[in-house]
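Asker: Dropping a structure here in structure tokens format, bear with me for questions.
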Amino acid sequence: MFNDIYRDKKVLVTGHTGFKGSWLITWLLKIGANIVGISKDIPTNPSMFEELKIEKKIKHYQEDIRNLSQIVEIISDEKPDFLFHLAAQAIVSTSYTNPIDTISSNVMGTANILEALKTSNHECTAIIITSDKAYDNVEQVWGYQEDDKMGGKDIYSGSKGAAEMIIKSYFHSFFKEKDSNIKLAIARAGNVIGGGDWAKDRVVVDCMQAWSQKQSVEIRSPEATRPWQHVLEPLSGYLNVGAKLFEDATLNGEAFNFGPRAEQNHTVEQLLKDLSIYWDFKGVDDAFNITDNILFHEAGLLKLNCDKALFSLKWQATLEYKDTIRFTSEWYYDFYNSDKNILDKTIEQILEYENIAKTKELSWTE
């Protein structure tokens, strides 16, 4: 996988205790990497990080990325070969109730990671993950390209757009120079679903928790359309761009979108109907009901154009929509309703994902 580039390499992941971080670490461990993680806490209960007992398999730092001196010390001491920056305040609703925390985490936290890399200046390939919400969303139907305008109408989106400006300025000020040992790329993705997510105010999470108790759930914005993708899709993109950048310095400073095929655009209502099939409901009316109680601004459409990743990285999405639904529902169903070891289930899904990608002859499977 990934030309075996990550085997025996030291990989530092910020936000490693979160949903995406836990999946990323599990995959990296599977392909032979040595992991260092930085997170300020365990963000949810339950927690995929705890359920998979990841802490026993890695070097774990409990530290806030807003603490510059400590982040500089950790990165200078560890000198990772790769760095994946995922740590963020990622909940839109929280950005309304605590905007300053969101801005400080997503903007200053990112700046601190970049400053620590600049200070250490050891040979390191860094992938900085932002969000599809970094784009100034005018709901254009053809999708956003990497050079489209950054922005945001809510605090979370604005914080991600601001982080992009900080990344760009650090790159041009420090990492573009020949005396820099840091190679950097930006990765953007969104609408990620999959087993192990327990963050608040996420529609799939709300449903899985309710359905595990045989309860119906209220949903808002049923007609909102999203290009839903399983968590392994963007992670394969992050790992792919990291491997490519490690070998090809011409990608230094580039940004890449990672998203599903166009046919995976579905409404929230359709998504929940499809997910509920795996939960033994007699009908969708038992699974959810629709409310008009919309508490904050939500975009009706937000779609990425991923042509650049296809052209430059030979990356494309692996799963069909039906597999995205199956992977997600089966993981949660097994967690709540069976005695199956959930680490085994997680690795089983990673293996199946890899095998599907192999049948499609995707380049990163080599």
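Order determines the names: the first chain of the structure tokens is A, the second B, and so forth; residues in each chain are numbered 1 upward, and ligands are numbered 1 upward as they are shown.
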Kindly provide the residues of range 250-294 of chain A that approach range 179-183 of chain A to within 9 Å, each paired with its closest atom pair and their distance in Å to one decimal, based on only C-alpha atoms, listed by chain and increasing number, as a Markdown table.
Answerer:
```
| residue | atom | partner | partner_atom | distance |
| --- | --- | --- | --- | --- |
| A:Leu251 | CA | A:Lys183 | CA | 8.4 |
| A:Asn252 | CA | A:Lys183 | CA | 5.4 |
| A:Gly253 | CA | A:Lys183 | CA | 7.3 |
```
Asker: As a list in words, please: all residues of range 100-208 of chain A that backbone DSSP puts in strand (DSSP E or B).
Answerer: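 Checking each residue of range 100-208 of chain A, the strand (DSSP E or B) ones are Cys124, Thr125, Ala126, Ile127, Ile128, Ile129, Tyr135, Tyr144, Met150, Ile182, Lys183, Leu184, Ala185, Ile186, Ala187, Arg188, Val192 and Ile193 of chain A.
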Asker: Would you save the residues of that selection, restricted to C-alpha atoms, as a tab-separated table (two decimals), in the first residue's frame?
Answerer:
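Once written, again02.tsv looks like this:
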```tsv
chain	number	residue	atom	x	y	z
A	124	CYS	CA	9.30	16.21	7.16
A	125	THR	CA	6.36	15.74	4.81
A	126	ALA	CA	3.35	17.52	6.31
A	127	ILE	CA	-0.27	17.16	5.25
A	128	ILE	CA	-2.47	19.88	6.72
A	129	ILE	CA	-6.14	18.93	6.69
A	135	TYR	CA	-14.53	27.52	0.52
A	144	TYR	CA	-15.31	23.89	-5.88
A	150	MET	CA	-11.85	30.82	0.61
A	182	ILE	CA	9.58	20.91	5.19
A	183	LYS	CA	7.34	19.80	2.32
A	184	LEU	CA	3.70	20.69	2.78
A	185	ALA	CA	0.36	20.01	1.13
A	186	ILE	CA	-3.23	20.87	2.02
A	187	ALA	CA	-6.09	18.36	1.96
A	188	ARG	CA	-9.78	19.28	1.94
A	192	VAL	CA	-17.50	12.11	6.08
A	193	ILE	CA	-19.42	9.27	7.69
```
Asker: Rank nothing, just name the residue among A:Asp286, A:Glu51, A:Asp334, A:Glu361 nearest to Lys314 in chain A, using only C-alpha atoms.
Answerer: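 Looking at the shortest contact to Lys314 in chain A, the residue is A:Glu361.
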Asker: Report as JSON lines: every residue of range 170-220 of chain A with an atom at most 8 Å from range 80-100 of chain A, its closest pair of atoms, and their distance in Å to one decimal, counting only C-alpha atoms, with rows sorted by chain and ascending residue number.
Answerer:
```
{"residue": "A:Ala199", "atom": "CA", "partner": "A:Ile91", "partner_atom": "CA", "distance": 7.7}
{"residue": "A:Lys200", "atom": "CA", "partner": "A:Ile91", "partner_atom": "CA", "distance": 7.4}
{"residue": "A:Asp201", "atom": "CA", "partner": "A:Ser93", "partner_atom": "CA", "distance": 7.0}
```
Asker: Write the residues you've just listed into a file as a PDB file, in the first residue's frame, and include C-alpha atoms for each of them.
Answerer:
```pdb
ATOM      1  CA  ALA A 199     -19.438  13.735  17.801  1.00  0.00           C
ATOM      2  CA  LYS A 200     -22.483  15.780  18.720  1.00  0.00           C
ATOM      3  CA  ASP A 201     -24.941  17.333  16.259  1.00  0.00           C
TER       4      ASP A 201
END
```
Asker: Work out how far CA of Pro234 in chain A is from CA of Phe175 in chain A, in Å to one decimal.
Answerer: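 Result for CA of Phe175 in chain A versus CA of Pro234 in chain A: 24.5 Å, one decimal.
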Asker: Just asking: which residues within range 63-303 of chain A are helix (DSSP H, G or I) according to DSSP, as an NGL selection string?
Answerer: :A and (68-78 or 92-97 or 99-120 or 132-134 or 155-175 or 203-211 or 232-247 or 249-251 or 262-264 or 268-279 or 284-287)
Asker: Which one of A:Cys207, A:Ile65, A:Leu52, A:Met108 sits closest to Ser276 in chain A if you count only C-alpha atoms?
Answerer: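 Nearest to Ser276 in chain A: A:Cys207.
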